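A.B. asks: Dropping the structure in here first, questions after.
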Amino acid sequence: MSEVYVITSGKGGVGKTTTSANIGAGIAIRGKKVAMVDADIGLRNLDVVMGLENRIVYDLIDVIEGNCRLKQALIKDKRYSNLFLLPAAQTKDKNAVTPEQMQKLCESLKEEFDYVIIDCPAGIEQGFKNAIAGADKAIVVTTPEVSAVRDADRIIGLLEASGIKNPLLILNRIRPDMVKRGDMLALEDVTEILAIDVLGVVPDDESIVVSTNKGEPCVADENSRAGKAFRNITGRVLGETVPLMDLESDQGFFAKLKRIFKFG
Amino acid sequence: MAKSNQCVVIKGRKEGISIWLDERADFEKLKEQLQAKVSGAKQFFADADANVAFKGRLLSEDEEKALTDIILSETTLELSFVETEGYVPASAVPAPPPAESPAPAPTGTQQTTEHMTAFYQNGLRSGQSIRYSGSVVVMGDANPGSEIIANGNVIVLGSLKGMVHAGASGDSKCYVSALSLMPTQLRIANIITYIPPKENNAKENKTRKKTRRPSYAYIQDGQVYIAPLWD
């Protein structure tokens, strides 16, 4: 049984693409066949984050318009042989695709792959409608900021209205020290408003910036705390029961260093 | 209520004129019948000033306007207030229950007029709104960014954090009640207010959240008061 997940958030810049890349790579590491679809047409990023930019020949629009076969447009990842990317077109915009076409595309991807991960664009317009059209399940990414939580709430309402029930929540970029001081929304504050199940909590981690710029998902990085969080999330997507990461203890190298300078 | 070929029934009541509309009839047919009835009963509409209520059918704003235009063009009536069963946005309220539920008046406020009540069985998320010509009961939270606009009272069985407007048609006897009353903005009749946060500090807000009790807001002497539902 293959599943189509859409990674969405409403607000931009909360980490949809990073989350998509890491969950995609995470599931591929676990031996499943994964296709990642960049639905952010006109502002494609997923290929850059995956370090596959220079391999693009055909894109999603080419597939939809019939300029090439689906298999020709799918780019095989350079690290994991069972991970594929369907890149977005950079020269078109969101109106070049209809929800029906996306649905059809997802159906054909489902035949080939165990998991399909769709990276949704920010906003609630055409691009969002296209991205969720073919999805069975949704993962809502938010950061501990009131604006991001507000947008996530709106998105959850829209997802439920279009028949995608029980979306899952990823709280990204949390800083335990700030939460402790009461300067940042805690997970409980966010779930109190959104009232959906939590798929994972990802700590704010400098290694994400490094890995994103390098085009290497940090999920494979044993030393990265965010990487560990994404490995846990991957496990939960695959149906395992993994307890939420303890954000207080076992801090990473940078955090440790910071702590030494701060209190030392 | 009506013969099969009659899809418009007009009744005079002490609080105004009530026009019953068949919910299955074609809207164009409704308009024709209304036109015929109104022009044939001009004496009935002799009042210079009246309330008109459309019953039996949900109307969109455009439809409501079309019907009031017919009445206005055929009679000398001046409509002081038009009430409809309410237009409801796509995702919102199921059809209201036929029985009129008397609004429970909390101690300390005057008995409010009776309203039809719509029950909404889910919470409201950001961007979702309820508009209703009577009272509204929401069984869940009304999140920030949501809207509840009712001509009657508003009761939220959860935290009320969105915008709320009770007595939207000007009835200042209406009230708003919630298990946790923290609306972004609170409107009753034509008064607009908000609940000021005690401290603009996350820690303070947290403790405030926990101590918030079920309460209700009402108007007295032109001012909005908030009181706990019980002591």
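Letters for chains follow the order of the structure tokens (A, B, ...), residue numbers begin at 1 for each chain, and ligand numbers begin at 1 in the order shown.
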As a list in words, please: every residue in range 146-216 of chain B that DSSP puts in helix (DSSP H, G or I).
C.D. replies: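 Written out, the helix (DSSP H, G or I) residues of range 146-216 of chain B are Ala202, Lys203, Glu204, Asn205, Lys206, Thr207, Arg208, Lys209, Lys210 and Thr211 of chain B.
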A.B. asks: Tell me, in Å to one decimal, how far CA of Ile17 in chain B is from CA of Ile70 in chain B.
C.D. replies: 14.6 Å
A.B. asks: Can you tell me which residues surround range 139-144 of chain A at a distance of at most 10 Å, considering only C-alpha atoms, apart from same-chain residues fewer than 6 positions away, and format the answer as a PDB file with C-alpha atoms, in the first residue's frame?
C.D. replies:
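File written: result.pdb
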```pdb
ATOM      1  CA  TYR A   5       2.009  12.623   1.936  1.00  0.00           C
ATOM      2  CA  VAL A   6       1.838  16.360   1.362  1.00  0.00           C
ATOM      3  CA  ILE A   7       4.125  18.551   3.468  1.00  0.00           C
ATOM      4  CA  THR A   8       2.454  21.905   3.957  1.00  0.00           C
ATOM      5  CA  SER A   9       2.415  24.905   6.286  1.00  0.00           C
ATOM      6  CA  GLY A  10       0.646  27.957   4.911  1.00  0.00           C
ATOM      7  CA  LYS A  11       3.399  30.300   5.981  1.00  0.00           C
ATOM      8  CA  GLY A  12       6.643  30.380   4.049  1.00  0.00           C
ATOM      9  CA  GLY A  13      10.064  29.759   5.481  1.00  0.00           C
ATOM     10  CA  VAL A  14       9.076  27.376   8.259  1.00  0.00           C
ATOM     11  CA  GLY A  15      10.942  24.416   6.755  1.00  0.00           C
ATOM     12  CA  LYS A  16       8.589  22.601   4.382  1.00  0.00           C
ATOM     13  CA  THR A  17      11.273  21.856   1.832  1.00  0.00           C
ATOM     14  CA  THR A  19      11.284  18.579   6.068  1.00  0.00           C
ATOM     15  CA  SER A  20      10.317  17.061   2.723  1.00  0.00           C
ATOM     16  CA  ILE A 117       6.241  13.026  -0.620  1.00  0.00           C
ATOM     17  CA  ILE A 118       4.844  16.269  -2.048  1.00  0.00           C
ATOM     18  CA  ARG A 150      -2.120  30.896  12.914  1.00  0.00           C
ATOM     19  CA  ASP A 151      -1.392  29.942   9.310  1.00  0.00           C
ATOM     20  CA  ALA A 152      -1.073  26.276  10.236  1.00  0.00           C
ATOM     21  CA  ASP A 153      -4.512  26.478  11.828  1.00  0.00           C
ATOM     22  CA  ILE A 155      -4.254  25.184   6.590  1.00  0.00           C
ATOM     23  CA  ILE A 156      -5.621  22.438   8.832  1.00  0.00           C
ATOM     24  CA  LEU A 159      -7.184  20.318   4.574  1.00  0.00           C
ATOM     25  CA  ASN A 166      -6.223  14.076  10.804  1.00  0.00           C
ATOM     26  CA  PRO A 167      -3.174  15.911   9.509  1.00  0.00           C
ATOM     27  CA  LEU A 168      -0.010  15.415  11.547  1.00  0.00           C
ATOM     28  CA  LEU A 169       2.054  18.181  13.101  1.00  0.00           C
ATOM     29  CA  ILE A 170       5.794  18.822  12.988  1.00  0.00           C
ATOM     30  CA  LEU A 171       6.974  21.623  15.243  1.00  0.00           C
ATOM     31  CA  ASN A 172      10.160  22.846  13.651  1.00  0.00           C
ATOM     32  CA  ARG A 173      12.992  24.998  14.922  1.00  0.00           C
ATOM     33  CA  ILE A 174      12.180  24.883  18.600  1.00  0.00           C
ATOM     34  CA  ARG A 175      14.716  26.257  21.073  1.00  0.00           C
ATOM     35  CA  VAL A 179      10.881  27.695  25.865  1.00  0.00           C
ATOM     36  CA  MET A 184       8.940  30.845  23.071  1.00  0.00           C
ATOM     37  CA  LEU A 185       5.750  28.874  22.540  1.00  0.00           C
ATOM     38  CA  ALA A 186       6.102  25.343  23.891  1.00  0.00           C
ATOM     39  CA  LEU A 187       4.776  22.254  22.125  1.00  0.00           C
ATOM     40  CA  ASP A 189       0.893  25.817  23.580  1.00  0.00           C
ATOM     41  CA  VAL A 190       0.910  24.924  19.898  1.00  0.00           C
ATOM     42  CA  ILE A 196      -3.869  17.613  16.048  1.00  0.00           C
ATOM     43  CA  VAL A 198       2.198  15.463  16.835  1.00  0.00           C
ATOM     44  CA  LEU A 199       4.482  13.651  14.415  1.00  0.00           C
ATOM     45  CA  GLY A 200       7.649  15.211  15.753  1.00  0.00           C
ATOM     46  CA  VAL A 201       9.539  18.119  17.217  1.00  0.00           C
ATOM     47  CA  VAL A 202      12.703  19.344  15.494  1.00  0.00           C
ATOM     48  CA  ASP A 204      16.658  24.618  15.960  1.00  0.00           C
ATOM     49  CA  VAL A 237       5.813   7.780   9.376  1.00  0.00           C
TER      50      VAL A 237
END
```
A.B. asks: Just how far from CA of Asp119 in chain A is CA of Asp38 in chain A, in Å to one decimal?
C.D. replies: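 Separation of CA of Asp38 in chain A and CA of Asp119 in chain A: 5.0 Å.
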A.B. asks: Once DSSP has gone over the backbone, tell me which residues of range 68-140 of chain A are in strand (DSSP E or B), as a VMD selection string.
C.D. replies: chain A and resid 75 to 76 83 to 86 115 to 119 137 to 140
A.B. asks: Could you take the residues named above and write them with N, CA and C atoms, as a PDB file, in the first residue's frame?
C.D. replies:
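Saved as selection.pdb:
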```
ATOM      1  N   ILE A  75      14.390  12.072 -11.241  1.00  0.00           N
ATOM      2  CA  ILE A  75      15.843  12.078 -11.066  1.00  0.00           C
ATOM      3  C   ILE A  75      16.197  11.150  -9.908  1.00  0.00           C
ATOM      4  N   LYS A  76      17.117  10.246 -10.188  1.00  0.00           N
ATOM      5  CA  LYS A  76      17.553   9.333  -9.123  1.00  0.00           C
ATOM      6  C   LYS A  76      18.527  10.072  -8.216  1.00  0.00           C
ATOM      7  N   LEU A  83      15.598   6.519  -4.021  1.00  0.00           N
ATOM      8  CA  LEU A  83      14.978   7.830  -3.812  1.00  0.00           C
ATOM      9  C   LEU A  83      14.971   8.596  -5.134  1.00  0.00           C
ATOM     10  N   PHE A  84      13.793   9.112  -5.505  1.00  0.00           N
ATOM     11  CA  PHE A  84      13.662   9.827  -6.774  1.00  0.00           C
ATOM     12  C   PHE A  84      13.023  11.193  -6.549  1.00  0.00           C
ATOM     13  N   LEU A  85      13.379  12.136  -7.405  1.00  0.00           N
ATOM     14  CA  LEU A  85      12.813  13.482  -7.303  1.00  0.00           C
ATOM     15  C   LEU A  85      12.156  13.873  -8.622  1.00  0.00           C
ATOM     16  N   LEU A  86      10.929  14.377  -8.514  1.00  0.00           N
ATOM     17  CA  LEU A  86      10.280  14.981  -9.673  1.00  0.00           C
ATOM     18  C   LEU A  86      10.339  16.490  -9.466  1.00  0.00           C
ATOM     19  N   TYR A 115       6.256   5.299  -1.095  1.00  0.00           N
ATOM     20  CA  TYR A 115       5.865   6.579  -0.522  1.00  0.00           C
ATOM     21  C   TYR A 115       6.067   7.700  -1.533  1.00  0.00           C
ATOM     22  N   VAL A 116       5.112   8.607  -1.580  1.00  0.00           N
ATOM     23  CA  VAL A 116       5.247   9.809  -2.402  1.00  0.00           C
ATOM     24  C   VAL A 116       5.172  11.002  -1.450  1.00  0.00           C
ATOM     25  N   ILE A 117       6.189  11.857  -1.496  1.00  0.00           N
ATOM     26  CA  ILE A 117       6.241  13.026  -0.620  1.00  0.00           C
ATOM     27  C   ILE A 117       6.102  14.270  -1.494  1.00  0.00           C
ATOM     28  N   ILE A 118       5.061  15.059  -1.244  1.00  0.00           N
ATOM     29  CA  ILE A 118       4.844  16.269  -2.048  1.00  0.00           C
ATOM     30  C   ILE A 118       5.228  17.495  -1.233  1.00  0.00           C
ATOM     31  N   ASP A 119       6.133  18.281  -1.775  1.00  0.00           N
ATOM     32  CA  ASP A 119       6.537  19.530  -1.131  1.00  0.00           C
ATOM     33  C   ASP A 119       5.603  20.629  -1.618  1.00  0.00           C
ATOM     34  N   LYS A 137      -2.526  11.856   2.859  1.00  0.00           N
ATOM     35  CA  LYS A 137      -2.266  12.317   4.222  1.00  0.00           C
ATOM     36  C   LYS A 137      -1.485  13.620   4.162  1.00  0.00           C
ATOM     37  N   ALA A 138      -1.554  14.368   5.238  1.00  0.00           N
ATOM     38  CA  ALA A 138      -0.851  15.650   5.256  1.00  0.00           C
ATOM     39  C   ALA A 138      -0.001  15.780   6.503  1.00  0.00           C
ATOM     40  N   ILE A 139       1.151  16.415   6.330  1.00  0.00           N
ATOM     41  CA  ILE A 139       1.998  16.769   7.456  1.00  0.00           C
ATOM     42  C   ILE A 139       2.089  18.288   7.471  1.00  0.00           C
ATOM     43  N   VAL A 140       1.674  18.883   8.580  1.00  0.00           N
ATOM     44  CA  VAL A 140       1.690  20.336   8.692  1.00  0.00           C
ATOM     45  C   VAL A 140       2.927  20.745   9.485  1.00  0.00           C
TER      46      VAL A 140
END
```
A.B. asks: So what do you get for CA of Lys31 in chain B versus CA of Gly134 in chain B, distance-wise?
C.D. replies: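 So the two atoms, CA of Lys31 in chain B and CA of Gly134 in chain B, lie 24.6 Å apart.
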A.B. asks: Do me a favour and pick out the residues of chain A within 6 Å of chain B, using only C-alpha atoms, as an mmCIF file with C-alpha atoms, in the first residue's frame.
C.D. replies:
```cif
data_model
loop_
_atom_site.group_PDB
_atom_site.id
_atom_site.type_symbol
_atom_site.label_atom_id
_atom_site.label_comp_id
_atom_site.auth_asym_id
_atom_site.auth_seq_id
_atom_site.Cartn_x
_atom_site.Cartn_y
_atom_site.Cartn_z
ATOM 1 C CA ASP A 153 -4.512 26.478 11.828
ATOM 2 C CA ARG A 154 -5.959 27.908 8.621
ATOM 3 C CA GLY A 157 -9.105 23.868 8.329
ATOM 4 C CA GLY A 182 8.984 31.314 28.664
ATOM 5 C CA ASP A 183 10.058 33.371 25.663
#
```
A.B. asks: Skipping near chain neighbours, those fewer than 2 positions away, what residues fall within 7 Å of Ala166 in chain B using only C-alpha atoms, listed as a list of chain:residue names?
C.D. replies: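 After dropping sequence-adjacent residues, the list is B:Ile149, B:Ala150, B:Asn151, B:Gly152, B:Asn153, B:Val154, B:Val164, B:Ala168, B:Cys174, B:Tyr175, B:Val176, B:Arg187, B:Ile188, B:Ala189.
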A.B. asks: Quick one: everything within 9 Å of range 213-229 of chain A, counting only C-alpha atoms, minus sequence neighbours fewer than 2 positions away in the same chain. Send it as a PyMOL selection string.
C.D. replies: chain A and resi 18+21-23+25-26+29+47-52+173+200-211+231-234+244-245+250-253
A.B. asks: Fewer than 5 positions away in the same chain doesn't count, so skip those; otherwise give me all residues within 10 Å of Phe27 in chain B, counting only C-alpha atoms, as a list in words.
C.D. replies: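 My list of contacting residues is Cys7, Leu21, Asp22, Glu32, Gln33, Leu59, Glu63 and Leu67 of chain B.
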A.B. asks: Selected residues, C-alpha atoms, written as an mmCIF file, in the first residue's frame, please.
C.D. replies:
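Writing the result to part24.cif gives the following:
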```cif
data_model
loop_
_atom_site.group_PDB
_atom_site.id
_atom_site.type_symbol
_atom_site.label_atom_id
_atom_site.label_comp_id
_atom_site.auth_asym_id
_atom_site.auth_seq_id
_atom_site.Cartn_x
_atom_site.Cartn_y
_atom_site.Cartn_z
ATOM 1 C CA CYS B 7 -44.541 28.395 -2.141
ATOM 2 C CA LEU B 21 -40.763 30.446 1.696
ATOM 3 C CA ASP B 22 -40.760 26.913 0.368
ATOM 4 C CA GLU B 32 -43.122 35.694 -9.006
ATOM 5 C CA GLN B 33 -45.435 34.483 -6.275
ATOM 6 C CA LEU B 59 -31.228 32.799 1.587
ATOM 7 C CA GLU B 63 -31.579 36.524 -2.796
ATOM 8 C CA LEU B 67 -37.009 39.684 -2.197
#
```
A.B. asks: Which residues come within 12 Å of Thr193 in chain B, counting only C-alpha atoms, excluding same-chain residues fewer than 2 positions away, as a list of chain:residue names?
C.D. replies: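 Those residues are B:Met163, B:Val164, B:His165, B:Met182, B:Pro183, B:Thr184, B:Gln185, B:Leu186, B:Arg187, B:Ile188, B:Ala189, B:Asn190, B:Ile191, B:Ile195, B:Pro196, B:Ala217, B:Tyr218, B:Ile219, B:Gly222, B:Gln223, B:Val224, B:Tyr225, B:Ile226.
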A.B. asks: Based on the selection just made, write C-alpha atoms of those residues as an mmCIF file, in the first residue's frame.
C.D. replies:
```
data_model
loop_
_atom_site.group_PDB
_atom_site.id
_atom_site.type_symbol
_atom_site.label_atom_id
_atom_site.label_comp_id
_atom_site.auth_asym_id
_atom_site.auth_seq_id
_atom_site.Cartn_x
_atom_site.Cartn_y
_atom_site.Cartn_z
ATOM 1 C CA MET B 163 -13.480 37.526 16.754
ATOM 2 C CA VAL B 164 -17.002 37.376 18.088
ATOM 3 C CA HIS B 165 -20.010 39.596 17.459
ATOM 4 C CA MET B 182 -10.189 35.387 25.318
ATOM 5 C CA PRO B 183 -11.513 36.797 22.020
ATOM 6 C CA THR B 184 -9.224 38.743 19.713
ATOM 7 C CA GLN B 185 -12.020 41.246 19.536
ATOM 8 C CA LEU B 186 -15.375 41.272 21.253
ATOM 9 C CA ARG B 187 -18.403 43.001 19.763
ATOM 10 C CA ILE B 188 -21.849 43.195 21.245
ATOM 11 C CA ALA B 189 -24.458 45.181 19.289
ATOM 12 C CA ASN B 190 -22.502 48.255 18.167
ATOM 13 C CA ILE B 191 -19.824 48.234 20.840
ATOM 14 C CA ILE B 195 -9.785 42.001 26.434
ATOM 15 C CA PRO B 196 -6.436 43.574 27.263
ATOM 16 C CA ALA B 217 -19.617 39.346 28.508
ATOM 17 C CA TYR B 218 -22.646 41.620 28.426
ATOM 18 C CA ILE B 219 -23.525 45.271 28.000
ATOM 19 C CA GLY B 222 -23.309 51.243 27.322
ATOM 20 C CA GLN B 223 -20.251 49.357 28.516
ATOM 21 C CA VAL B 224 -19.091 45.786 28.114
ATOM 22 C CA TYR B 225 -18.673 43.894 31.357
ATOM 23 C CA ILE B 226 -17.104 40.502 31.836
#
```
